[in-house]
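Novice: Below you will find the structure I want to go over with you.
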Amino acid sequence: YYVGDIDREGARIVEQARNANVVEIRLHSGMYRAMLAEHKRRVKAGGECEPAAANQGVPQNLAATIKDLPMVTRVQFRNVLREGGRIPQEILMTADYRDGDSGSFDRMLNN
């Protein structure tokens, strides 16, 4: 599983890693949902979306890159990119990474 920043460069890194590796690289949907939820909470409290760097790379096929994510999460991810924003992976704390999961298999591994 992979978790990185939600921005154009973050999506491009996943795309490049998949192209360069023989092993399957999947996005950790639970962590991306948690990142988006924390971002939403911060914006609701008066914060702003961090702008992405102007010189970021762009993934060749964003739809294929984020295909592992549930539909709602994919839409939210795309919206951040369309707005030129960035949600850094550091928006989450250690406990979020420890407790986040993508399904029953992850819950089993975390017990």
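Every chain in the structure tokens has a letter given in the order shown (A, B, ...), and although residue numbers restart at 1 in each chain, ligands are simply numbered from 1 in the order shown.
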Could you name the residues that touch stretch 70-74 of chain A at 8 Å or less, counting only C-alpha atoms, but leaving out those on the same chain fewer than 3 positions away, as a list in words?

Specialist: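 Near stretch 70-74 of chain A, the qualifying residues are Ser29, Tyr32, Arg33, Leu36, Ile66, Lys67, Phe77 and Arg78 of chain A.
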
Novice: Which of chain A end up as helix (DSSP H, G or I) when DSSP is run on this backbone - answer as a VMD selection string?

Specialist: chain A and resid 8 to 20 29 to 44 62 to 65 71 to 82 89 to 91 94 to 99 104 to 110

Novice: Please report, as a ChimeraX atom specification, each residue of chain A to which DSSP assigns strand (DSSP E or B) when run on this structure's backbone.

Specialist: /A:2,6,27,50-51,85-87

Novice: May I have the residues within 8 Å of A:Asp7 as a list in words, using only C-alpha atoms and disregarding those fewer than 5 positions away in the same chain?

Specialist: Ala52, Val80, Leu81, Gly84, Gly85, Arg86 and Ile87 of chain A

Novice: Can you tell me, as a list of chain:residue names, what residues are no more than 9 Å from A:Glu38 when counting only C-alpha atoms, ignoring any on the same chain fewer than 5 positions away?

Specialist: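 Selected residues are A:Arg33, A:Val43, A:Ile91, A:Leu92.
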
Novice: Quick one: residues within 9 Å of A:Gln89, only C-alpha atoms counted, chain neighbours fewer than 5 positions away excluded, as a VMD selection string?

Specialist: chain A and resid 3 to 6 31 to 32 35

Novice: Write the selection just made, keeping N, CA and C atoms, as an mmCIF file, in the first residue's frame?

Specialist:
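What follows is the written file out37.cif:
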data_model
loop_
_atom_site.group_PDB
_atom_site.id
_atom_site.type_symbol
_atom_site.label_atom_id
_atom_site.label_comp_id
_atom_site.auth_asym_id
_atom_site.auth_seq_id
_atom_site.Cartn_x
_atom_site.Cartn_y
_atom_site.Cartn_z
ATOM 1 N N VAL A 3 0.799 5.619 0.460
ATOM 2 C CA VAL A 3 0.118 6.853 0.858
ATOM 3 C C VAL A 3 1.086 7.995 0.612
ATOM 4 N N GLY A 4 0.636 8.981 -0.109
ATOM 5 C CA GLY A 4 1.458 10.157 -0.353
ATOM 6 C C GLY A 4 0.593 11.391 -0.371
ATOM 7 N N ASP A 5 1.191 12.511 -0.691
ATOM 8 C CA ASP A 5 0.442 13.763 -0.752
ATOM 9 C C ASP A 5 -0.667 13.674 -1.796
ATOM 10 N N ILE A 6 -1.740 14.394 -1.541
ATOM 11 C CA ILE A 6 -2.799 14.524 -2.537
ATOM 12 C C ILE A 6 -2.499 15.803 -3.309
ATOM 13 N N MET A 31 -6.416 5.600 4.335
ATOM 14 C CA MET A 31 -5.582 6.744 4.693
ATOM 15 C C MET A 31 -5.950 7.976 3.856
ATOM 16 N N TYR A 32 -6.256 7.759 2.571
ATOM 17 C CA TYR A 32 -6.669 8.897 1.752
ATOM 18 C C TYR A 32 -8.007 9.454 2.226
ATOM 19 N N MET A 35 -7.157 11.520 5.238
ATOM 20 C CA MET A 35 -6.513 12.780 4.864
ATOM 21 C C MET A 35 -7.554 13.787 4.389
#

Novice: With only C-alpha atoms as the counted atoms, please give the residues lying no more than 7 Å from A:Arg26, apart from itself and same-chain residues fewer than 5 positions off, as a list in words.

Specialist: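 That gives Tyr1, Tyr2 and Asp68 of chain A.
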
Novice: At what distance in Å, to one decimal, does atom CA of A:Arg42 lie from atom CA of A:Glu15?

Specialist: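 Atom CA of A:Arg42 lies 28.4 Å from atom CA of A:Glu15.
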
Novice: Name the residues in contact with A:Gln16 at a cut-off of 10 Å, using only C-alpha atoms, excluding same-chain residues fewer than 3 positions from it; report them as a PyMOL selection string.

Specialist: chain A and resi 11-13+19-21+59-60+65

Novice: Print the selection's residues with C-alpha atoms to a file, as an mmCIF file, in the first residue's frame.

Specialist:
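This is the output file part_7.cif:
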data_model
loop_
_atom_site.group_PDB
_atom_site.id
_atom_site.type_symbol
_atom_site.label_atom_id
_atom_site.label_comp_id
_atom_site.auth_asym_id
_atom_site.auth_seq_id
_atom_site.Cartn_x
_atom_site.Cartn_y
_atom_site.Cartn_z
ATOM 1 C CA ALA A 11 -0.303 11.113 -8.236
ATOM 2 C CA ARG A 12 2.613 11.179 -10.701
ATOM 3 C CA ILE A 13 4.894 9.440 -8.194
ATOM 4 C CA ASN A 19 5.489 1.587 -14.152
ATOM 5 C CA ALA A 20 8.891 0.816 -12.610
ATOM 6 C CA ASN A 21 7.920 -2.093 -10.318
ATOM 7 C CA PRO A 59 0.292 12.056 -14.096
ATOM 8 C CA GLN A 60 -0.338 10.759 -17.623
ATOM 9 C CA THR A 65 -3.655 6.145 -11.023
#

Novice: How far is it from atom CA of A:Asp99 to atom CA of A:Ala37, in Å with one decimal?

Specialist: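 It comes out at 14.5 Å.
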
Novice: Select, from A:Ala17, A:Leu27, A:Ala34, A:Val58, the residue with the minimum atom-to-atom distance to A:Glu90, counting only C-alpha atoms.

Specialist: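 Of all the options, A:Ala34 lies closest to A:Glu90.
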
Novice: Report, in Å to a single decimal, how far apart atom CA of A:His28 and atom CA of A:Asp96 are.

Specialist: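 Separation between atom CA of A:Asp96 and atom CA of A:His28: 12.3 Å.
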